[in-house]
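Novice: Take a look at this one; I'll ask things after.
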Amino acid sequence: MDLRGFAAVFLFLMGLSCVLATPVTFEKDGAEAVAVRECVPFDYNWRFRYGHAPDGGPGPGNADFTDISGQECTNVDHNPNRYARGDCETACAYNPDCMVWQSGALSGNCLHGGADAVCSSSKHGQQDGGQRKTAQPMKTDYKFAAKSFNAIDWKIVNTPHDFVVTGDFVSMPWDYHHAFLPRNVSWYRKEFHLPSDWKGSHITVYFEGVFHVAQIWVNGQYVQMHTCGYTGFTVRLDNVTGILYGNDSTNVIAVRVDATFGSGHWYEGGGIYRRTHLIHTSPAHFVHDGVFVSPELDPLEKTVRVTAEIDIIGSGHPLVTVIATLVDMSGESVASNESYNVTLAEGFPQTVTVLLSGAHVKVWSIQSPHMYSVMMVLKDVSHGTIFDTLHISAGFRQTEWKVDTNFKLNGDSIKFRGFSHHNSFAGVGVAIPDRIHLFRAQASRAVGGSFWRMSHNPYLPALYDFLDVLGIISWDENRDYGMEYVGAMHDMVKRDRGHPSIVVWSYCNEVECTQYNKQTGLSFRAAAKALDPNRAVGANGGTDGLDVQGISHGSNASFINFHKSNPDMPLVLSECCSCQTQRMNRIETTTCMHDQNSPGLLPYVAGSLGVWTLFDYYGESHEWPSVTSSFGNFDLAGFPKPHVYWYVLNWMVMIDSLDKGRPPLPVPDVTRILDLPNLIYHSVAVLSSGAEVELSVNGKVLGRQPTHGSGEPVLFNLGGECVFAVNVSGVYCTGLKRVTEVNVTTPTECKAICCQDNDCSVWQFSVWKGTPFCSTGNVDPTTECVKPNKIRVGGARSGHPKSGIHDLKAVSYDSHGHMTSSHTLHGAKDAAAIVLSLDVPSQSTGTGSALALDGHDAALVRASVVDESGALATYSTANITFRVLSGPARLIGVGNGDDNCHQNAKSDHVPAYGGLARGIFQVTTDCVSENRDYVLQIDAEHDGQTKVYPPGNCTEVTAIRVQGSSPGLQSGSLIIPVSSSANDLPLNTAIKSVFPENYTYLRDFDG
């Protein structure tokens, strides 16, 4: 076996988006055989039609339900995550075993039943519902699916593609979960050729993800349906009747995507929103997701276990063996072995095992995430022919869950510190480019987050690769929970089980965990353990069959009580801290962060792994006009909110740099003012990592205070008297929160607490049955303080906050009096110009220095509105237009992080929010992707959004120049560097950025 040259391509192989091997030469008796596997980009030149076909609408076209609203039914079960009536009905219609659906208008519950469901009239029935006697076949004869249909008028798009985010926001009171963006059915079609020499081979299209229900036709023939929007699937082409080969013969694949209903209470998008690949192998081949290199390394045996599922199409019965070679990142072979011989026959896939010595393996950890590659070879024993090859990235570690030591990684006890996430971003919805995922992963590390919770569903494959190479532990979570969804759990585990970063398989989230009987949990456990017997299973809620119990938003008392009742069950704070704030509408959240993270510090709790959330996301806004969440520590456009620095301070600065659970980044200096000028009532809060911090107001030093190393804000009193001129005594004010952090016994003490908080405009005090209550908040007293309540006294502020404050500056000092860092905020400024800066790719965010010309890579450009002196005009809402001046790029989205912004995500302009706006630019040239020469041969159309160059013929390696402009302001421009080297692909960039010494995004952020 010749491994020469492997080291030179190792980074490149790690950067590929589907698992494959470049042709590797093997020698036997002087003869050579070359592996034939090709993984071809299949993302370009899809024809797209927004909206359903004229001869069809939403749903499967067979929903002949009789109305049974008001009836009560027995023998029905919960169907999770169908929050609207239409979602519940449509989900039932797609399931041929579902005969009855019921939806509670008030409860939001969805119930499904089979043929044994019994429904009858009831005086107490409050549910909408429908019933059918039989499930009619789904409609498959759509006009748009026919091979002969002419889609020349349809728009050409690339995948990944989210068609829901292309719509306009519409006020729909019942749909705040999904960002007030209309959901619908849409269609994709792609014309393609298959090379003549592929005839007789095994050929599939691999879809990494389509949301929500995908129906597939090939040459007009209905092939299959996939109903889970979060797991990938393959479509086999070589066995389709009428499939054609040769450059003169055109095939058509049509995809109908029904995104009219979802499975989540957040924005889920719609469309072919992840990558697509055309995969060609010889008849004998490794099964998709069938190779498992177990990351669990036995500390005594130190054996690497590799299992491989192999299959064959056609009439051959070859005797084969599987060779596995473990290779380190320098290209050196560490270990090699082969399996026993087996005979292949069509329809009878085989699974073989190869054991490799792990004696010289370096373990994977948070601080040293060592990775390897396993080169897999499927060989004909009789003739020495190589049938198939794969390169699988791998890492090895030892994990252990115990109550007394919590979680151990390679023998070291670790306390988790991490975040939950949802999969959407400004401008692109759920079709997030890989480099933006890298930006998000590096942001997690920069604030001390070494744990990534996949909430509440499996993510795209590339993200797990980033977490592997960056040393971020993860919790992989299944979406739908119930007996009919065990297959989705199986698919998630089978796809992701090779990743060393994953330490828990999660069944479910919160309420759906409690809706099923014991058998459901045991079935999910069996599905996971059959594929991966060594990894722990858990859930963010109560269910059966768990190794690790996650508790969501639990208090210290809830953990204490659970531990008393279940002393042998490992515990983790799997979700907490839904603390809401924005960059401009700043709400004090550090108290929330401190208090709600505290259960993770209990000695028998493994930590806090799922702070809600690292980034804002579309949806779950609760009411119009807000269209995004406000839970994130970064906003939807990737700009940090002020309170994220609490995590930098508490999870990075105050954690020992040798702590095995801390990301291996330098200790930062933190100085951050939490309050905006012009929006201050009485005091200013400052976070500081120094021994002391000094505040200046309008250039005059107000004072210097010790921080006491507490990790909490230091308050500077600006003087003057707090005035609560509006009397809210004798009424009840809704929307206030009871103060529990300190003991408040008098109205004066309650007023003083509100006085010190710039986010507090109303306070109320009362005594009920001898217990004093102090409640504070920021509400409108004219609308929220109206209900009579005789025992309450209180006041509300009137007028505007303190005026005349136009500059705030905080300076931190160490224990020797030396300045360590500073932060300045400016008040209202007159806008004069637009300044553009590059956040991604950038060394300052750990995302590299150039975009790879791979047809997909994307840049994040920041537009800042500044005054004549160059200071940020924080309150500017100037409408900023982005455009490409030159180079291989297009604008694919805009945003600003404002949760109330209703600008279309695909517009070329967006108002500034906090003086900032975001433009997202994507490359339009592919001269990097592996096997792109096949794209030129296979794609029947080449006039789309991306120009593909054959190897060695990339003529557009020219930088991209973009502009940001606004009427009356001086325009700004920016150069985005590009690269035609595979070493600059996002994953290879991540490998080179494990220890990003120059990560300065948070330190230097102005906003």
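Labels used: A, B, ... for chains in the order of the structure tokens, numbers from 1 for residues in each chain, and numbers from 1 for ligands as shown.
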Pick out the residues sitting within 8 Å of Val235 of chain A, and hand them over as a PyMOL selection string; count only C-alpha atoms, and ignore anything fewer than 3 positions along from it in its own chain.

Specialist: chain A and resi 204-206+223-224

Novice: Go ahead and write the residues just picked, N, CA and C atoms, as a short mmCIF file (atom, residue, chain, number, x, y, z; two decimals), in the first residue's frame.

Specialist:
data_model
loop_
_atom_site.label_atom_id
_atom_site.label_comp_id
_atom_site.auth_asym_id
_atom_site.auth_seq_id
_atom_site.Cartn_x
_atom_site.Cartn_y
_atom_site.Cartn_z
N THR A 204 -25.91 7.05 -6.26
CA THR A 204 -26.92 7.63 -5.38
C THR A 204 -26.78 9.15 -5.34
N VAL A 205 -27.89 9.81 -5.02
CA VAL A 205 -27.85 11.22 -4.64
C VAL A 205 -28.02 11.27 -3.13
N TYR A 206 -27.09 11.95 -2.48
CA TYR A 206 -27.14 12.10 -1.03
C TYR A 206 -27.60 13.50 -0.69
N VAL A 223 -40.05 7.92 -6.69
CA VAL A 223 -39.02 7.06 -6.13
C VAL A 223 -39.20 6.85 -4.63
N GLN A 224 -39.33 7.94 -3.86
CA GLN A 224 -39.39 7.78 -2.41
C GLN A 224 -39.80 9.09 -1.74
#

Novice: In segment 161-366 of chain A, what's helix (DSSP H, G or I) per DSSP? Answer as a compact mmCIF listing (two decimals) with C-alpha atoms, in the first residue's frame?

Specialist:
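As a result, selection00.txt now contains:
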# COMPACT_ATOMS: atom_id res chain seq x y z
CA VAL A 164 -39.12 30.33 3.48
CA VAL A 165 -36.64 33.06 4.46
CA THR A 166 -37.07 34.61 1.00
CA PRO A 173 -50.88 35.97 15.59
CA TRP A 174 -50.99 32.17 15.55
CA ASP A 175 -47.55 31.70 13.99
CA TYR A 176 -45.07 33.62 16.15
CA HIS A 177 -43.13 30.36 16.55
CA HIS A 178 -41.93 30.58 12.95
CA SER A 196 -21.48 6.26 -19.92
CA ASP A 197 -18.78 4.39 -18.01
CA TRP A 198 -20.89 4.57 -14.85

Novice: For Val100 of chain A, please output as number ranges by chain all residues within 8 Å (counting only C-alpha atoms; exclusion window: fewer than 3 positions along the same chain).

Specialist: A: 76, 92, 111-114, 117, 129-132

Novice: Need to verify the contact set: His816 of chain A, 12 Å, only C-alpha atoms, exclusion of same-chain residues closer than 6 positions in sequence. Can you return it as a ChimeraX atom specification?

Specialist: /A:690-692

Novice: Taking C-alpha atoms for each residue, export the selection above as a PDB file, in the first residue's frame.

Specialist:
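So part12.pdb came out as:
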ATOM      1  CA  GLY A 690      -9.195  44.098  36.469  1.00  0.00           C
ATOM      2  CA  ALA A 691      -8.630  44.610  40.152  1.00  0.00           C
ATOM      3  CA  GLU A 692     -10.221  48.039  39.797  1.00  0.00           C
TER       4      GLU A 692
END

Novice: Pick out each residue of segment 77-299 of chain A that DSSP on the backbone tags as strand (DSSP E or B); I need them as a VMD selection string.

Specialist: chain A and resid 77 to 78 100 to 104 110 to 121 127 to 131 155 to 157 185 to 192 202 to 207 211 213 to 218 221 to 226 233 to 236 251 to 258 271 276 to 281 284 to 293 296

Novice: What lies within 12 Å of Pro58 of chain A using only C-alpha atoms, ignoring chain neighbours under 5 positions off, as an MDAnalysis selection string?

Specialist: chainID A and resid 51:53 63 86:87 89:91 93:94 138:139 183:187 212:213 256:261

Novice: Can those selected residues be exported to a file as a short mmCIF file (atom, residue, chain, number, x, y, z; two decimals), in the first residue's frame so that it contains N, CA and C atoms?

Specialist:
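Result file follows (again10.cif):
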data_model
loop_
_atom_site.label_atom_id
_atom_site.label_comp_id
_atom_site.auth_asym_id
_atom_site.auth_seq_id
_atom_site.Cartn_x
_atom_site.Cartn_y
_atom_site.Cartn_z
N GLY A 51 -43.90 27.91 -4.32
CA GLY A 51 -45.33 27.65 -4.31
C GLY A 51 -45.65 26.27 -4.85
N HIS A 52 -46.83 25.79 -4.50
CA HIS A 52 -47.22 24.43 -4.88
C HIS A 52 -47.62 24.36 -6.35
N ALA A 53 -47.74 23.13 -6.83
CA ALA A 53 -48.11 22.90 -8.23
C ALA A 53 -49.56 23.28 -8.44
N ALA A 63 -55.80 13.76 2.21
CA ALA A 63 -56.32 14.02 3.55
C ALA A 63 -57.85 14.11 3.54
N GLY A 86 -53.30 22.91 11.81
CA GLY A 86 -52.91 22.43 10.49
C GLY A 86 -51.71 21.51 10.54
N ASP A 87 -50.76 21.81 11.44
CA ASP A 87 -49.59 20.93 11.57
C ASP A 87 -50.01 19.55 12.02
N GLU A 89 -52.94 18.04 11.65
CA GLU A 89 -53.68 17.35 10.58
C GLU A 89 -52.73 16.87 9.48
N THR A 90 -51.83 17.74 9.05
CA THR A 90 -50.93 17.38 7.94
C THR A 90 -50.00 16.25 8.33
N ALA A 91 -49.48 16.28 9.56
CA ALA A 91 -48.61 15.20 10.02
C ALA A 91 -49.34 13.87 10.00
N ALA A 93 -51.89 13.14 8.02
CA ALA A 93 -52.16 12.79 6.63
C ALA A 93 -50.97 12.09 5.98
N TYR A 94 -49.76 12.49 6.33
CA TYR A 94 -48.56 11.88 5.74
C TYR A 94 -48.27 10.49 6.31
N MET A 138 -50.94 8.53 -1.55
CA MET A 138 -50.55 9.92 -1.74
C MET A 138 -50.54 10.27 -3.21
N LYS A 139 -50.80 11.52 -3.49
CA LYS A 139 -50.76 11.99 -4.86
C LYS A 139 -49.31 12.02 -5.34
N ARG A 183 -45.19 29.77 5.43
CA ARG A 183 -44.63 28.48 5.02
C ARG A 183 -45.48 27.90 3.88
N ASN A 184 -44.84 27.14 3.01
CA ASN A 184 -45.60 26.61 1.89
C ASN A 184 -44.93 25.37 1.31
N VAL A 185 -45.46 24.92 0.18
CA VAL A 185 -44.88 23.85 -0.62
C VAL A 185 -44.13 24.49 -1.78
N SER A 186 -42.93 23.99 -2.09
CA SER A 186 -42.19 24.48 -3.25
C SER A 186 -41.52 23.31 -3.95
N TRP A 187 -41.00 23.59 -5.15
CA TRP A 187 -40.49 22.53 -6.02
C TRP A 187 -39.08 22.84 -6.51
N HIS A 212 -39.58 20.18 4.81
CA HIS A 212 -39.74 19.19 5.86
C HIS A 212 -39.97 17.80 5.26
N VAL A 213 -41.01 17.67 4.46
CA VAL A 213 -41.28 16.38 3.80
C VAL A 213 -40.82 16.48 2.36
N ARG A 256 -40.33 17.64 -4.48
CA ARG A 256 -41.41 18.42 -3.90
C ARG A 256 -41.15 18.54 -2.41
N VAL A 257 -41.08 19.77 -1.89
CA VAL A 257 -40.78 19.99 -0.48
C VAL A 257 -41.99 20.64 0.18
N ASP A 258 -42.56 19.93 1.13
CA ASP A 258 -43.71 20.46 1.88
C ASP A 258 -43.21 21.00 3.21
N ALA A 259 -43.14 22.31 3.30
CA ALA A 259 -42.73 22.97 4.55
C ALA A 259 -43.90 23.71 5.18
N THR A 260 -45.13 23.30 4.85
CA THR A 260 -46.30 23.97 5.41
C THR A 260 -46.48 23.63 6.89
N PHE A 261 -45.84 22.57 7.33
CA PHE A 261 -45.91 22.23 8.75
C PHE A 261 -44.52 21.84 9.21
#

Novice: What's around Gln756 of chain A at 9 Å? Count only C-alpha atoms, leave out sequence neighbours fewer than 5 positions away in its own chain, and write the answer as a list in words.

Specialist: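 In the requested form, the answer reads Tyr681, His682, Ser683, Val684, Leu715, Asn717, Cys722 and Lys751 of chain A.
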
Novice: Export N, CA and C atoms of the chosen residues as a tab-separated table (two decimals), in the first residue's frame?

Specialist:
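The resulting file, out-v6.tsv, is reproduced below:
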chain	number	residue	atom	x	y	z
A	681	TYR	N	-30.77	56.09	33.71
A	681	TYR	CA	-31.56	56.78	34.72
A	681	TYR	C	-30.67	57.26	35.87
A	682	HIS	N	-29.90	56.33	36.45
A	682	HIS	CA	-29.27	56.65	37.73
A	682	HIS	C	-27.86	56.09	37.87
A	683	SER	N	-27.54	54.98	37.18
A	683	SER	CA	-26.26	54.33	37.40
A	683	SER	C	-25.76	53.69	36.12
A	684	VAL	N	-24.48	53.33	36.12
A	684	VAL	CA	-23.85	52.66	34.98
A	684	VAL	C	-23.20	51.38	35.50
A	715	LEU	N	-21.30	48.79	39.86
A	715	LEU	CA	-22.26	49.87	39.62
A	715	LEU	C	-21.66	51.22	40.02
A	717	ASN	N	-22.80	55.03	40.63
A	717	ASN	CA	-23.95	55.90	40.85
A	717	ASN	C	-23.65	57.27	40.25
A	722	CYS	N	-33.56	59.55	42.38
A	722	CYS	CA	-34.48	58.79	41.51
A	722	CYS	C	-35.88	59.36	41.66
A	751	LYS	N	-37.87	50.46	46.18
A	751	LYS	CA	-37.65	51.60	45.29
A	751	LYS	C	-36.16	51.75	44.98

Novice: So how many Å separate atom CA of Val723 of chain A and atom CA of Phe773 of chain A, to one decimal?

Specialist: 21.1 Å

Novice: Can you work out which one of A:Val572, A:Ala940, A:Cys774, A:Leu463 has the shortest atom-to-atom distance to Ala990 of chain A, counting only C-alpha atoms?

Specialist: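 Smallest distance to Ala990 of chain A is found for A:Leu463.
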
Novice: Identify, on the basis of only C-alpha atoms, every residue whose closest approach to Ile834 of chain A does not exceed 8 Å; exclude the query and any residue fewer than 4 positions from it along the same chain; express the result as a ChimeraX atom specification.

Specialist: /A:863-866,964-966,969-972

Novice: Against segment 523-532 of chain A, which residues of segment 496-518 of chain A fall within 8 Å? For each one I want the closest pair of atoms and the distance in Å (one decimal), counting only C-alpha atoms, rows by chain and increasing residue number, as a tab-separated table.

Specialist:
residue	atom	partner	partner_atom	distance
A:Arg497	CA	A:Asp532	CA	6.7
A:Trp505	CA	A:Ala528	CA	7.6
A:Tyr507	CA	A:Phe524	CA	6.8

Novice: In terms of the shortest atom-to-atom distance over only C-alpha atoms, which of A:Cys73, A:Leu522, A:Ala832, A:Cys577 is closest to Ala871 of chain A?

Specialist: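 Looking at the shortest contact to Ala871 of chain A, the residue is A:Ala832.
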
Novice: Mind giving me the straight-line distance from atom CA of Pro137 of chain A to atom CA of Gly56 of chain A in Å, one decimal?

Specialist: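 The value is 14.2 Å.
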
Novice: Which one is closest to Pro433 of chain A: A:Asn337, A:Thr159, A:Thr66, A:Ser710? Count only C-alpha atoms.

Specialist: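 Checking each candidate against Pro433 of chain A, we get A:Thr159 as the closest.
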